[in-house]
Structure formats: C-alpha cells, structure tokens
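Accompanying notes for the structure given below.
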Amino acid sequence: MGTASGPPSVLLITLDTTRADSLSCYGAPAGSTPALDSLAAGGTLFRNAHTVAPLTLPAHCSLFTGLLPFEHGVRDNGSFQLDESATTLAELFAAAGYDTAAVLASPVLDGAYGLAQGFDQYFDSSRSPTSDQRVGRRHAAKVREDAESWLKGRDAPHRPFFLWAHFFDPHRPWEVRPEFVQAHGAEEPGLEIRERERRMYAASIAWMDQELGQLQATAERLVQDRDQSSGSVAPLLTVVVSDHGEGMGDHGEGAHGFFLYDSTIRMVMLAHGPGVVAGQERTEAVSMADIAPTLLSWAGIPGPPSTGVDLSSAWRGESPLPDDRSIYFETLHPYNNRWSPLYGVLHQGKKLIDGPAAELFDLTDDPAEQHNRIQEDEFLAQKLRARIRELASRYRPSSRRQMDEEERQQLEALGYLTSSTSPDEDPDVFRPGQVDPQLRNPRDGQPLIRLHGQAYTKMLAQDYAAAAELMLQVVEQDPENPYYLDEAGSFFLKAGKPNQALPLLKRSAAIDPRSPTVWFHLGRSHQWLEQYDAAIESFQKLLESHPTHVDGRLKLAQLLSEQRGQHQEAATLLEETLRHLPAQAPLTENIRQKITELRGKPSSPR
C-alpha cells in the first residue's frame with residue numbers, strides 16, 4: 001500500500017479488442033495514445049501479458065474470478081453465463097465496504113451473463129444512468145459520461161469505490177467520431193480495404209484513449225478532493241487491461257476468436273497509483289487470471305483460492321516472478337462451426353497451440369509466429385501438451401444458458417457465431433487436451449473466415465441479398481456446417497427471399513436439430529410464405545428442446561390464435577412465457593394485456 005493509510009479506491013478499465021502493439025507504450029508510433037502512455041510512464045507495464053481467450057465474456061470472467069475458463073465454466077460469448085456460485089471481485093469489494101459500479105459498452109457483457117454479481121449499479125447495454133432507452137452499445141464518450149455521473153452522484157463520497165469501465169470502440173463495426181477518422185486519414189480516397197481498416201482501428205483507439213484519460217483524471221480529482229476534506233489519504237489505483245487483441249489480417253484472421261496467435265492473445269496490462277513503481281516495465285509472462293488476486297492483495301481484502309497469482313510484489317518493483325509458470329489460453333469459438341477448439345500454453349518463451357494440426361513457436365526468436373517448430377521438437381510439444389492436461393484436472397462442466405432471438409441478433413451484428421450445443425451438454429472436445437482429429441482445423445478454414453467476414457460487412461450495410469450470395473459461396477465449401485447454412489438462410493430471409501431461405505434452413509435443421517435459431521428462422525420463413533401449419537410445427541420443434549425461448553413462444557402463440565383460433569391455448573402459452581421474463585421486462589405489460597384479450601375469446605375446435 002505504499003504510504004497510503006486508507007483503503008484504495010479502484011478504477012478498473014478494460015479495453016475491448018485492443019492489441020498491445022496498438023498503444024505507443026507498447027511500440028505503436030509515438031503520440032498514438034497519450035493518456036495510456038502517461039499512465040504507463042507513471043506506473044508499471046507488463047510486456048508479456050496474455051489473455052485466457054480471444055473472447056470478451058470468458059476473458060472478463062477470468063479477470064473477475066482469477067480462474068481459467070474451464071474452471072469458471074464460461075467458454076464463449078452468448079450461450080454461457082457465470083454461475084452464481086462464483087465469487088467475483090465486485091462481491092468481495094462490496095463486502096469490504098466499497099461502493100461498486102460497472103459501466104459496460106457492449107451487450108456481450110449484459111447482466112444476464114452473470115458478471116453483475118456484487119455491483120451496486122450495473123449499467124449494461126439496456127440501462128444507463130442518463131437514459132432509459134436501450135442503447136445496444138456505448139461509445140467512448142458515453143462510457144466516460146456515465147461513469148463520471150456515477151462517481152459524482154455517490155451518496156457517501158468518503159467511501160472507497162470499485163468502478164469498472166469497459167470501452168468497446170476498437171471492436172467492429174467501428175463507430176468513431178469524425179474528427180478522429182479525419183485525423184487518421186481513414187476515409188482518404190483510394191485506400192485498400194486493409195489499410196482503411198487499420199486506420200479506422202487506430203482512430204477508434206485514439207478516441208477511446210482520450211475519453212478514458214478524462215475519466216481517470218476525474219476519478220483522481222474526486223479522490224483528492226475527498227482526501228483534502230477528510231484529512232485522510234485513500235489513494236486511487238488505476239488498472240488497465242485489454243480483454244484480447246485483434247487479428248487485423250495477421251495469420252489470415254481479420255477479427256478474433258478463431259486462433260490463438262499473439263495478435264489476439266497478447267494483451268495490455270498496466271497499473272498506476274501510490275506504491276506502484278513508476279516507469280517500470282516487467283517482462284515476466286503473466287495472465288488475465290492474475291488481476292483478481294492482485295487487486296484483492298493490494299486492497300488488503302482476503303479472497304478465495306485462485307489459479308491466478310498475486311502480482312503486487314511486481315507492482316512494487318520487487319524480485320522477478322518465477323519463470324517456470326505455464327500461461328494457459330483457449331478458444332472454443334471454432335466449435336460453433338463444428339470445427340476443432342484450440343488450446344494453448346506458453347512456458348519459458350515456448351508456445352504450443354494444440355489442435356488437429358498442432359503448432360509450436362519459440363517467441364524469443366520468432367515473435368511473429370511464422371515458423372512452426374512442431375516437427376523439429378515434438379518432445380517439447382509433448383511436454384507442453386502434458387501441462388495443458390495437467391491444468392485440465394481442474395475442469396468443471398460449462399455454465400450454459402439459452403439466448404433469446406434479440407441477444408442472438410446482437411451477437412450476430414458484432415460478428416459472433418453462436419453455438420447450438422444443448423445447455424446440459426459438454427462435448428468431449430471442451431476438455432483441454434482432448435482433440436478430435438475428425439473436426440476441421442480452424443487454420444484450414446481461413447478462406448471461409450475471410451468470405452464470412454465479407455458477408456458480415458454486407459450484412460452490416462443492410463445489403464442482405466449480397467450477404468446471402470456470399471454465404472452461398474461459403475456453404476459450397478463447407479456444406480455440412482449447420483451454422484453457415486442457417487446464416488445463409490437468415491440473410492435470404494432478411495432480403496425478403498423466404499423461398500431461397502427454406503432449403504438452406506432445412507439442411508441446417510437436418511444436420512443440427514438442436515439449434516434454436518434454425519427452427520426460429522424456419523418458422524419465420526414458413527410464416528412469410530403463409531405455410532402456417534409448417535410454421536407452427538417449426539416453433540413447436542424449437543420449444544421442445546428450448547422451452548424458455550421467449551421469441552419462439554410469442555410467435556407460436558400468435559399463430560395459434562390468428563391462424564387456428566386456439567385463443568385459450570395461446571393464452572396459456574403466453575402465461576408460461578411470463579414466467580421466463582424478468583418482472584420489469586418491456587414486453588411484460590403487453591403480454592398481460594394480450595392474455596386478457598385472449599381469455600375473453602372462445603377457442604375454435606381444431
């Protein structure tokens with residue numbers, strides 16, 4: 001704690017999709033990120049920090065629990081949630097007397113996914129202290145404004161606080177203020193697509209840097225004002241981490257999620273505050289899972305056992321951390337395509353990516369990961385593979401959840417795939433160290449990833465017909481992929497072409513009848529074509545395997561009432577739907593009114 005006599009307030013800033021090398025303090029051109037550079041110059045920076053997964057929700061769950069993804073059970077975005085049995089940083093800070101709040105910029109971290117535990121206020125994509133309207137995602141200025149609003153409005157400003165501010169701006173699709181776009185020349189005529197993307201990415205980071213710098217300055221000022229009025233010394237500790245990086249074309253990956261190369265696994269990690277050595281750069285290998293035990297140690301708060309290690313001695317500039325540690329990371333995201341998950345470990349500069357075609361890199365000599373040494377040193381690969389299996393002894397079943405259609409569309413708009421694996425099912429390949437050689441190696445799917453990215457760009461521009469045609473090319477190359485079939489069908493549906501959607505959706509359902517999305521899209525397609533019996537059957541199929549699917553229940557109730565006159569059956573279905581909705585959900589009152597209306601009508605015999 002240095003010279004501080006009171007408990008430290010904590011400002012935890014997470015940067016979504018931020019490559020370490022996109023910051024000046026990590027090697028980007030000087031002046032690119034002045035606010036973050038200033039924090040690094042006045043604090044401690046870790047150059048060899050790695051996330052646990054190139055995905056927002058699993059990474060943040062590890063940050064808040066100190067556990068690896070296969071320990072806390074959250075393995076991907078959307079269809080997983082942090083179980084209530086988990087103990088989070090926010091819960092521990094709240095129990096220690098802290099005011100706690102989170103301001104989130106992305107629907108990927110909405111409260112339904114489990115990270116709201118322990119927060120007095122959790123301002124996710126549907127809640128804002130300055131607006132009652134659903135906003136979907138917050139831009140950098142909005143995150144700052146909402147975080148500052150909470151800081152200034154606290155009832156007991158003398159109490160320490162734990163504030164988490166999440167910035168999402170570097171994540172596609174980019175929505176950047178015009179002056180930053182112009183300053184980075186991102187709209188200059190004649191730019192190649194990749195160069196334009198790199199400039200837009202840099203522009204988004206520059207805007208984020210400006211806003212987080214203002215937020216940190218506001219928090220510092222408020223803490224100092226409090227200390228001057230009370231005569232106490234209660235410092236502000238600021239910790240900045242990125243949840244993962246971004247491919248930006250490296251290794252054939254434009255975005256993130258499919259691979260485990262350092263372009264998406266290496267992360268930002270820096271700390272600033274009293275007691276933290278200024279201007280220090282540490283080179284030891286550290287993990288996202290280390291943040292929780294370190295923050296708790298720094299604040300003097302006891303915490304449960306964790307896989308992460310306490311880095312507070314490194315913050316104080318003490319002796320080097322042990323170099324025999326293994327840093328673990330994974331991605332299950334490819335399994336949404338029924339491709340193989342990947343598992344990785346870093347040990348003393350040697351990095352193994354384990355999958356159907358394993359890769360081994362020496363990051364000391366080959367930081368860009370261009371030379372696969374697997375054939376040259378299979379013995380080392382086996383030793384690293386054994387470390388992955390040793391870690392996997394702590395495996396616990398995944399913590400699954402069902403998404404509604406709105407959540408699925410939100411994730412789709414951000415470029416994410418969503419698994420149809422049943423909530424009570426964990427395939428064998430979800431256990432680290434288990435590789436099914438029959439599953440496609442994600443590297444072999446690089447051309448499909450690029451084509452899918454082009455279709456995604458067309459979809460964002462609402463050119464659904466062009467997006468659907470591109471997806472047909474994807475389907476031709478991967479004809480047994482249920483996700484790609486479903487997405488191609490959904491794009492045709494959005495383009496107003498249900499006849500072209502139907503055969504694709506039927507093929508998807510035949511391959512993966514557990515998928516809620518394909519039955520939902522099939523139902524909508526049949527409904528559009530006035531094939532009402534087939535539409536009803538599709539929504540019934542959906543509810544057989546996913547009985548809490550709210551949108552499916554609403555569509556089925558509508559069809560039963562309007563097309564079959566089964567008003568009482570529809571009313572019963574809606575009453576069951578209410579049990580699956582939060583009491584204050586926007587749809588609740590409308591559903592209640594519809595139930596009253598339907599109960600007043602006699603059902604027609606069928």
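Residue names in the structure tokens use chain letters A, B, ... in the order shown, residue numbers from 1 in each chain, and ligand numbers from 1 in the order shown.
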
Skipping near chain neighbours, those fewer than 5 positions away, what residues fall within 6 Å of Ser62 of chain A using only C-alpha atoms, listed as a JSON list (two decimals) with N, CA and C atoms, in the first residue's frame?
[["chain", "number", "residue", "atom", "x", "y", "z"],
["A", 67, "LEU", "N", -9.90, -17.31, -12.20],
["A", 67, "LEU", "CA", -9.96, -18.69, -12.66],
["A", 67, "LEU", "C", -9.84, -18.76, -14.17],
["A", 68, "LEU", "N", -9.43, -19.91, -14.68],
["A", 68, "LEU", "CA", -9.37, -20.14, -16.11],
["A", 68, "LEU", "C", -10.76, -20.50, -16.64],
["A", 289, "ALA", "N", -5.88, -13.97, -15.57],
["A", 289, "ALA", "CA", -6.36, -14.52, -14.31],
["A", 289, "ALA", "C", -5.62, -13.96, -13.10]]

What are the closest atom pairs, with distances in Å to one decimal, for all residues of segment 417-513 of chain A lying within 10 Å of segment 345-368 of chain A? Consider only C-alpha atoms, order rows by chain and residue number, and present the result as CSV.
residue,atom,partner,partner_atom,distance
A:Pro432,CA,A:Asp354,CA,9.1
A:Gly433,CA,A:Asp354,CA,7.6
A:Gln434,CA,A:Gly355,CA,8.5
A:Val435,CA,A:Gly355,CA,5.9
A:Asp436,CA,A:Pro356,CA,6.9
A:Pro437,CA,A:Pro356,CA,5.1
A:Gln438,CA,A:Pro356,CA,8.1
A:Leu439,CA,A:Pro356,CA,7.4
A:Arg440,CA,A:Pro356,CA,7.4
A:Asn441,CA,A:Pro356,CA,5.5
A:Pro442,CA,A:Gly355,CA,8.7
A:Arg443,CA,A:Ala357,CA,8.7
A:Asp444,CA,A:Ala357,CA,9.7

Please produce a file of those selected residues containing N, CA, C and O atoms, as a JSON list (two decimals), in the first residue's frame.
[["chain", "number", "residue", "atom", "x", "y", "z"],
["A", 432, "PRO", "N", -9.79, -29.38, -22.10],
["A", 432, "PRO", "CA", -8.45, -29.12, -22.63],
["A", 432, "PRO", "C", -7.63, -30.39, -22.74],
["A", 432, "PRO", "O", -7.65, -31.25, -21.86],
["A", 433, "GLY", "N", -6.93, -30.51, -23.84],
["A", 433, "GLY", "CA", -6.12, -31.68, -24.09],
["A", 433, "GLY", "C", -6.81, -32.73, -24.93],
["A", 433, "GLY", "O", -6.17, -33.68, -25.39],
["A", 434, "GLN", "N", -8.13, -32.57, -25.13],
["A", 434, "GLN", "CA", -8.88, -33.51, -25.95],
["A", 434, "GLN", "C", -8.98, -32.95, -27.37],
["A", 434, "GLN", "O", -9.49, -31.84, -27.56],
["A", 435, "VAL", "N", -8.51, -33.68, -28.35],
["A", 435, "VAL", "CA", -8.54, -33.24, -29.74],
["A", 435, "VAL", "C", -9.23, -34.32, -30.57],
["A", 435, "VAL", "O", -8.87, -35.49, -30.50],
["A", 436, "ASP", "N", -10.22, -33.91, -31.33],
["A", 436, "ASP", "CA", -10.90, -34.83, -32.24],
["A", 436, "ASP", "C", -10.34, -34.59, -33.65],
["A", 436, "ASP", "O", -10.62, -33.56, -34.27],
["A", 437, "PRO", "N", -9.55, -35.53, -34.16],
["A", 437, "PRO", "CA", -8.92, -35.30, -35.47],
["A", 437, "PRO", "C", -9.92, -35.24, -36.61],
["A", 437, "PRO", "O", -9.57, -34.84, -37.73],
["A", 438, "GLN", "N", -11.17, -35.64, -36.36],
["A", 438, "GLN", "CA", -12.19, -35.59, -37.40],
["A", 438, "GLN", "C", -12.72, -34.18, -37.61],
["A", 438, "GLN", "O", -13.34, -33.89, -38.64],
["A", 439, "LEU", "N", -12.53, -33.31, -36.62],
["A", 439, "LEU", "CA", -13.01, -31.94, -36.74],
["A", 439, "LEU", "C", -12.01, -31.12, -37.56],
["A", 439, "LEU", "O", -10.80, -31.32, -37.50],
["A", 440, "ARG", "N", -12.54, -30.16, -38.30],
["A", 440, "ARG", "CA", -11.70, -29.32, -39.15],
["A", 440, "ARG", "C", -10.76, -28.47, -38.31],
["A", 440, "ARG", "O", -11.15, -27.91, -37.27],
["A", 441, "ASN", "N", -9.51, -28.40, -38.76],
["A", 441, "ASN", "CA", -8.55, -27.50, -38.13],
["A", 441, "ASN", "C", -8.93, -26.07, -38.52],
["A", 441, "ASN", "O", -9.08, -25.77, -39.71],
["A", 442, "PRO", "N", -9.11, -25.16, -37.54],
["A", 442, "PRO", "CA", -9.51, -23.79, -37.90],
["A", 442, "PRO", "C", -8.61, -23.13, -38.94],
["A", 442, "PRO", "O", -9.09, -22.34, -39.76],
["A", 443, "ARG", "N", -7.32, -23.45, -38.94],
["A", 443, "ARG", "CA", -6.43, -22.84, -39.95],
["A", 443, "ARG", "C", -6.87, -23.21, -41.36],
["A", 443, "ARG", "O", -6.72, -22.42, -42.29],
["A", 444, "ASP", "N", -7.40, -24.41, -41.53],
["A", 444, "ASP", "CA", -7.86, -24.83, -42.85],
["A", 444, "ASP", "C", -9.10, -24.07, -43.28],
["A", 444, "ASP", "O", -9.48, -24.10, -44.45]]

Given only C-alpha atoms as the basis, pick out the residue of A:Leu451, A:Val241, A:Ala165, A:Ser538 nearest to Ala219 of chain A.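 The shortest atom-to-atom distance to Ala219 of chain A comes from A:Ala165.
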
Distance query Ala488 of chain A at most 9 Å, only C-alpha atoms, self and fewer than 3 positions along chain excluded, as a PDB file with all heavy atoms, in the first residue's frame:
ATOM      1  N   ALA A 467     -25.038 -10.211 -49.059  1.00  0.00           N
ATOM      2  CA  ALA A 467     -24.526 -11.031 -47.960  1.00  0.00           C
ATOM      3  C   ALA A 467     -24.925 -12.486 -48.150  1.00  0.00           C
ATOM      4  O   ALA A 467     -24.120 -13.404 -47.937  1.00  0.00           O
ATOM      5  CB  ALA A 467     -25.049 -10.503 -46.626  1.00  0.00           C
ATOM      6  N   ALA A 468     -26.170 -12.715 -48.571  1.00  0.00           N
ATOM      7  CA  ALA A 468     -26.651 -14.085 -48.779  1.00  0.00           C
ATOM      8  C   ALA A 468     -25.893 -14.772 -49.907  1.00  0.00           C
ATOM      9  O   ALA A 468     -25.536 -15.957 -49.802  1.00  0.00           O
ATOM     10  CB  ALA A 468     -28.153 -14.071 -49.058  1.00  0.00           C
ATOM     11  N   GLU A 469     -25.623 -14.057 -50.977  1.00  0.00           N
ATOM     12  CA  GLU A 469     -24.899 -14.662 -52.094  1.00  0.00           C
ATOM     13  C   GLU A 469     -23.477 -15.038 -51.693  1.00  0.00           C
ATOM     14  O   GLU A 469     -22.954 -16.079 -52.112  1.00  0.00           O
ATOM     15  CB  GLU A 469     -24.887 -13.700 -53.288  1.00  0.00           C
ATOM     16  CG  GLU A 469     -26.250 -13.459 -53.918  1.00  0.00           C
ATOM     17  CD  GLU A 469     -26.872 -14.730 -54.503  1.00  0.00           C
ATOM     18  OE1 GLU A 469     -26.093 -15.639 -54.918  1.00  0.00           O
ATOM     19  OE2 GLU A 469     -28.110 -14.818 -54.549  1.00  0.00           O
ATOM     20  N   LEU A 470     -22.841 -14.204 -50.888  1.00  0.00           N
ATOM     21  CA  LEU A 470     -21.501 -14.540 -50.401  1.00  0.00           C
ATOM     22  C   LEU A 470     -21.560 -15.771 -49.501  1.00  0.00           C
ATOM     23  O   LEU A 470     -20.682 -16.643 -49.551  1.00  0.00           O
ATOM     24  CB  LEU A 470     -20.899 -13.358 -49.640  1.00  0.00           C
ATOM     25  CG  LEU A 470     -20.367 -12.215 -50.498  1.00  0.00           C
ATOM     26  CD1 LEU A 470     -20.081 -10.989 -49.642  1.00  0.00           C
ATOM     27  CD2 LEU A 470     -19.099 -12.646 -51.232  1.00  0.00           C
ATOM     28  N   MET A 471     -22.616 -15.854 -48.688  1.00  0.00           N
ATOM     29  CA  MET A 471     -22.744 -17.014 -47.818  1.00  0.00           C
ATOM     30  C   MET A 471     -22.968 -18.296 -48.617  1.00  0.00           C
ATOM     31  O   MET A 471     -22.576 -19.384 -48.186  1.00  0.00           O
ATOM     32  CB  MET A 471     -23.884 -16.803 -46.816  1.00  0.00           C
ATOM     33  CG  MET A 471     -23.550 -15.851 -45.675  1.00  0.00           C
ATOM     34  SD  MET A 471     -22.046 -16.304 -44.765  1.00  0.00           S
ATOM     35  CE  MET A 471     -22.473 -17.949 -44.192  1.00  0.00           C
ATOM     36  N   LEU A 472     -23.588 -18.188 -49.787  1.00  0.00           N
ATOM     37  CA  LEU A 472     -23.731 -19.376 -50.632  1.00  0.00           C
ATOM     38  C   LEU A 472     -22.365 -19.919 -51.031  1.00  0.00           C
ATOM     39  O   LEU A 472     -22.169 -21.136 -51.121  1.00  0.00           O
ATOM     40  CB  LEU A 472     -24.542 -19.044 -51.884  1.00  0.00           C
ATOM     41  CG  LEU A 472     -26.065 -18.935 -51.718  1.00  0.00           C
ATOM     42  CD1 LEU A 472     -26.718 -18.673 -53.067  1.00  0.00           C
ATOM     43  CD2 LEU A 472     -26.642 -20.200 -51.083  1.00  0.00           C
ATOM     44  N   VAL A 474     -19.694 -19.674 -49.219  1.00  0.00           N
ATOM     45  CA  VAL A 474     -19.182 -20.321 -48.012  1.00  0.00           C
ATOM     46  C   VAL A 474     -19.778 -21.716 -47.871  1.00  0.00           C
ATOM     47  O   VAL A 474     -19.081 -22.703 -47.610  1.00  0.00           O
ATOM     48  CB  VAL A 474     -19.495 -19.465 -46.768  1.00  0.00           C
ATOM     49  CG1 VAL A 474     -19.055 -20.186 -45.497  1.00  0.00           C
ATOM     50  CG2 VAL A 474     -18.818 -18.098 -46.865  1.00  0.00           C
ATOM     51  N   VAL A 475     -21.102 -21.807 -48.066  1.00  0.00           N
ATOM     52  CA  VAL A 475     -21.808 -23.083 -47.917  1.00  0.00           C
ATOM     53  C   VAL A 475     -21.303 -24.110 -48.931  1.00  0.00           C
ATOM     54  O   VAL A 475     -21.189 -25.305 -48.631  1.00  0.00           O
ATOM     55  CB  VAL A 475     -23.329 -22.860 -48.049  1.00  0.00           C
ATOM     56  CG1 VAL A 475     -24.061 -24.178 -48.234  1.00  0.00           C
ATOM     57  CG2 VAL A 475     -23.855 -22.110 -46.839  1.00  0.00           C
ATOM     58  N   TYR A 483     -24.135 -23.964 -38.936  1.00  0.00           N
ATOM     59  CA  TYR A 483     -24.186 -22.525 -38.680  1.00  0.00           C
ATOM     60  C   TYR A 483     -24.185 -21.733 -39.977  1.00  0.00           C
ATOM     61  O   TYR A 483     -24.991 -20.817 -40.161  1.00  0.00           O
ATOM     62  CB  TYR A 483     -23.013 -22.070 -37.805  1.00  0.00           C
ATOM     63  CG  TYR A 483     -22.981 -20.565 -37.687  1.00  0.00           C
ATOM     64  CD1 TYR A 483     -23.807 -19.902 -36.794  1.00  0.00           C
ATOM     65  CD2 TYR A 483     -22.174 -19.800 -38.526  1.00  0.00           C
ATOM     66  CE1 TYR A 483     -23.825 -18.525 -36.723  1.00  0.00           C
ATOM     67  CE2 TYR A 483     -22.185 -18.424 -38.464  1.00  0.00           C
ATOM     68  CZ  TYR A 483     -23.011 -17.786 -37.556  1.00  0.00           C
ATOM     69  OH  TYR A 483     -23.023 -16.425 -37.498  1.00  0.00           O
ATOM     70  N   TYR A 484     -23.280 -22.070 -40.892  1.00  0.00           N
ATOM     71  CA  TYR A 484     -23.211 -21.328 -42.146  1.00  0.00           C
ATOM     72  C   TYR A 484     -24.496 -21.495 -42.958  1.00  0.00           C
ATOM     73  O   TYR A 484     -24.979 -20.546 -43.592  1.00  0.00           O
ATOM     74  CB  TYR A 484     -22.014 -21.789 -42.971  1.00  0.00           C
ATOM     75  CG  TYR A 484     -20.675 -21.227 -42.497  1.00  0.00           C
ATOM     76  CD1 TYR A 484     -19.489 -21.895 -42.767  1.00  0.00           C
ATOM     77  CD2 TYR A 484     -20.611 -20.021 -41.807  1.00  0.00           C
ATOM     78  CE1 TYR A 484     -18.271 -21.388 -42.351  1.00  0.00           C
ATOM     79  CE2 TYR A 484     -19.403 -19.509 -41.382  1.00  0.00           C
ATOM     80  CZ  TYR A 484     -18.226 -20.190 -41.650  1.00  0.00           C
ATOM     81  OH  TYR A 484     -17.024 -19.667 -41.237  1.00  0.00           O
ATOM     82  N   LEU A 485     -25.086 -22.690 -42.946  1.00  0.00           N
ATOM     83  CA  LEU A 485     -26.364 -22.899 -43.633  1.00  0.00           C
ATOM     84  C   LEU A 485     -27.455 -22.026 -43.021  1.00  0.00           C
ATOM     85  O   LEU A 485     -28.245 -21.396 -43.736  1.00  0.00           O
ATOM     86  CB  LEU A 485     -26.764 -24.377 -43.549  1.00  0.00           C
ATOM     87  CG  LEU A 485     -25.974 -25.346 -44.429  1.00  0.00           C
ATOM     88  CD1 LEU A 485     -26.195 -26.778 -43.960  1.00  0.00           C
ATOM     89  CD2 LEU A 485     -26.382 -25.195 -45.893  1.00  0.00           C
ATOM     90  N   PHE A 491     -29.955 -14.654 -43.964  1.00  0.00           N
ATOM     91  CA  PHE A 491     -29.681 -13.489 -44.805  1.00  0.00           C
ATOM     92  C   PHE A 491     -30.681 -13.416 -45.964  1.00  0.00           C
ATOM     93  O   PHE A 491     -31.153 -12.334 -46.321  1.00  0.00           O
ATOM     94  CB  PHE A 491     -28.253 -13.532 -45.340  1.00  0.00           C
ATOM     95  CG  PHE A 491     -27.197 -13.222 -44.307  1.00  0.00           C
ATOM     96  CD1 PHE A 491     -25.850 -13.372 -44.597  1.00  0.00           C
ATOM     97  CD2 PHE A 491     -27.534 -12.781 -43.043  1.00  0.00           C
ATOM     98  CE1 PHE A 491     -24.871 -13.085 -43.673  1.00  0.00           C
ATOM     99  CE2 PHE A 491     -26.565 -12.491 -42.090  1.00  0.00           C
ATOM    100  CZ  PHE A 491     -25.238 -12.652 -42.410  1.00  0.00           C
ATOM    101  N   PHE A 492     -31.006 -14.573 -46.556  1.00  0.00           N
ATOM    102  CA  PHE A 492     -32.036 -14.581 -47.598  1.00  0.00           C
ATOM    103  C   PHE A 492     -33.384 -14.140 -47.026  1.00  0.00           C
ATOM    104  O   PHE A 492     -34.149 -13.422 -47.685  1.00  0.00           O
ATOM    105  CB  PHE A 492     -32.163 -15.972 -48.228  1.00  0.00           C
ATOM    106  CG  PHE A 492     -31.193 -16.218 -49.345  1.00  0.00           C
ATOM    107  CD1 PHE A 492     -30.263 -17.242 -49.278  1.00  0.00           C
ATOM    108  CD2 PHE A 492     -31.214 -15.419 -50.491  1.00  0.00           C
ATOM    109  CE1 PHE A 492     -29.364 -17.469 -50.310  1.00  0.00           C
ATOM    110  CE2 PHE A 492     -30.314 -15.640 -51.541  1.00  0.00           C
ATOM    111  CZ  PHE A 492     -29.391 -16.665 -51.444  1.00  0.00           C
ATOM    112  N   LEU A 493     -33.669 -14.549 -45.805  1.00  0.00           N
ATOM    113  CA  LEU A 493     -34.919 -14.141 -45.165  1.00  0.00           C
ATOM    114  C   LEU A 493     -34.948 -12.631 -44.969  1.00  0.00           C
ATOM    115  O   LEU A 493     -35.958 -11.969 -45.259  1.00  0.00           O
ATOM    116  CB  LEU A 493     -35.054 -14.856 -43.820  1.00  0.00           C
ATOM    117  CG  LEU A 493     -36.402 -14.765 -43.115  1.00  0.00           C
ATOM    118  CD1 LEU A 493     -37.511 -15.347 -43.963  1.00  0.00           C
ATOM    119  CD2 LEU A 493     -36.324 -15.483 -41.766  1.00  0.00           C
ATOM    120  N   ALA A 501     -34.464 -19.121 -48.752  1.00  0.00           N
ATOM    121  CA  ALA A 501     -34.020 -19.424 -47.387  1.00  0.00           C
ATOM    122  C   ALA A 501     -34.382 -20.842 -46.982  1.00  0.00           C
ATOM    123  O   ALA A 501     -33.590 -21.539 -46.312  1.00  0.00           O
ATOM    124  CB  ALA A 501     -34.630 -18.426 -46.408  1.00  0.00           C
ATOM    125  N   LEU A 504     -31.985 -24.049 -47.458  1.00  0.00           N
ATOM    126  CA  LEU A 504     -30.779 -23.922 -46.640  1.00  0.00           C
ATOM    127  C   LEU A 504     -31.091 -24.195 -45.176  1.00  0.00           C
ATOM    128  O   LEU A 504     -30.349 -24.912 -44.485  1.00  0.00           O
ATOM    129  CB  LEU A 504     -30.192 -22.521 -46.797  1.00  0.00           C
ATOM    130  CG  LEU A 504     -29.686 -22.167 -48.197  1.00  0.00           C
ATOM    131  CD1 LEU A 504     -29.540 -20.659 -48.348  1.00  0.00           C
ATOM    132  CD2 LEU A 504     -28.354 -22.859 -48.481  1.00  0.00           C
ATOM    133  N   LEU A 505     -32.198 -23.651 -44.696  1.00  0.00           N
ATOM    134  CA  LEU A 505     -32.580 -23.830 -43.300  1.00  0.00           C
ATOM    135  C   LEU A 505     -32.965 -25.280 -43.019  1.00  0.00           C
ATOM    136  O   LEU A 505     -32.657 -25.822 -41.950  1.00  0.00           O
ATOM    137  CB  LEU A 505     -33.726 -22.886 -42.947  1.00  0.00           C
ATOM    138  CG  LEU A 505     -33.386 -21.394 -43.029  1.00  0.00           C
ATOM    139  CD1 LEU A 505     -34.641 -20.547 -42.866  1.00  0.00           C
ATOM    140  CD2 LEU A 505     -32.351 -21.010 -41.979  1.00  0.00           C
TER     141      LEU A 505
END

For the structure I just gave you, how does DSSP split segment 12-250 of chain A - specifically, which residues are alpha helix (DSSP H)? Reply as a VMD selection string. chain A and resid 34 to 41 56 to 65 69 to 72 89 to 95 140 to 152 178 to 183 193 to 230

Any idea what's packed within 12 Å of Gln527 of chain A, counting only C-alpha atoms, ignoring anything in its chain fewer than 2 positions away? Could you give it as a PyMOL selection string? chain A and resi 493+498-499+502+520-525+529-539+555-556+558-560+562-563

Counting only C-alpha atoms, the residue among A:Ala141, A:Ala255, A:Val10, A:Val429 that lies closest to Tyr456 of chain A is A:Ala255

Quick one: residues within 12 Å of Pro170 of chain A, only C-alpha atoms counted, chain neighbours fewer than 3 positions away excluded, as number ranges by chain? A: 14-19, 22, 105-106, 138-140, 166-167, 173-176, 197-209, 242-248, 255-256, 414

In segment 123-290 of chain A, what's strand (DSSP E or B) per DSSP? Answer as JSON, numbers by chain? {"A": [123, 128, 131, 161, 162, 163, 164, 165, 166, 167, 236, 237, 238, 239, 240, 241, 242, 266, 267, 269, 270, 271, 272, 280, 281, 282, 286, 287]}

Work out how far atom CA of Asp323 of chain A is from atom CA of Phe379 of chain A, in Å to one decimal.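 We find that atom CA of Phe379 of chain A and atom CA of Asp323 of chain A lie 20.2 Å from each other.
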
Atom CA of Leu332 of chain A and atom CA of Asp426 of chain A are how many Å apart?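 Separation of atom CA of Leu332 of chain A and atom CA of Asp426 of chain A: 11.4 Å.
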
All residues 6 Å or closer to Pro54 of chain A, only C-alpha atoms, same chain fewer than 2 positions away omitted, as a list in words: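 Surrounding residues, per the criterion: His244, Gly257, Thr264 and Ile265 of chain A.
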
Just the number, please: distance in Å from atom CA of Gly213 of chain A to atom CA of Val103 of chain A, one decimal.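 That distance, rounded to one decimal, is 15.6 Å.
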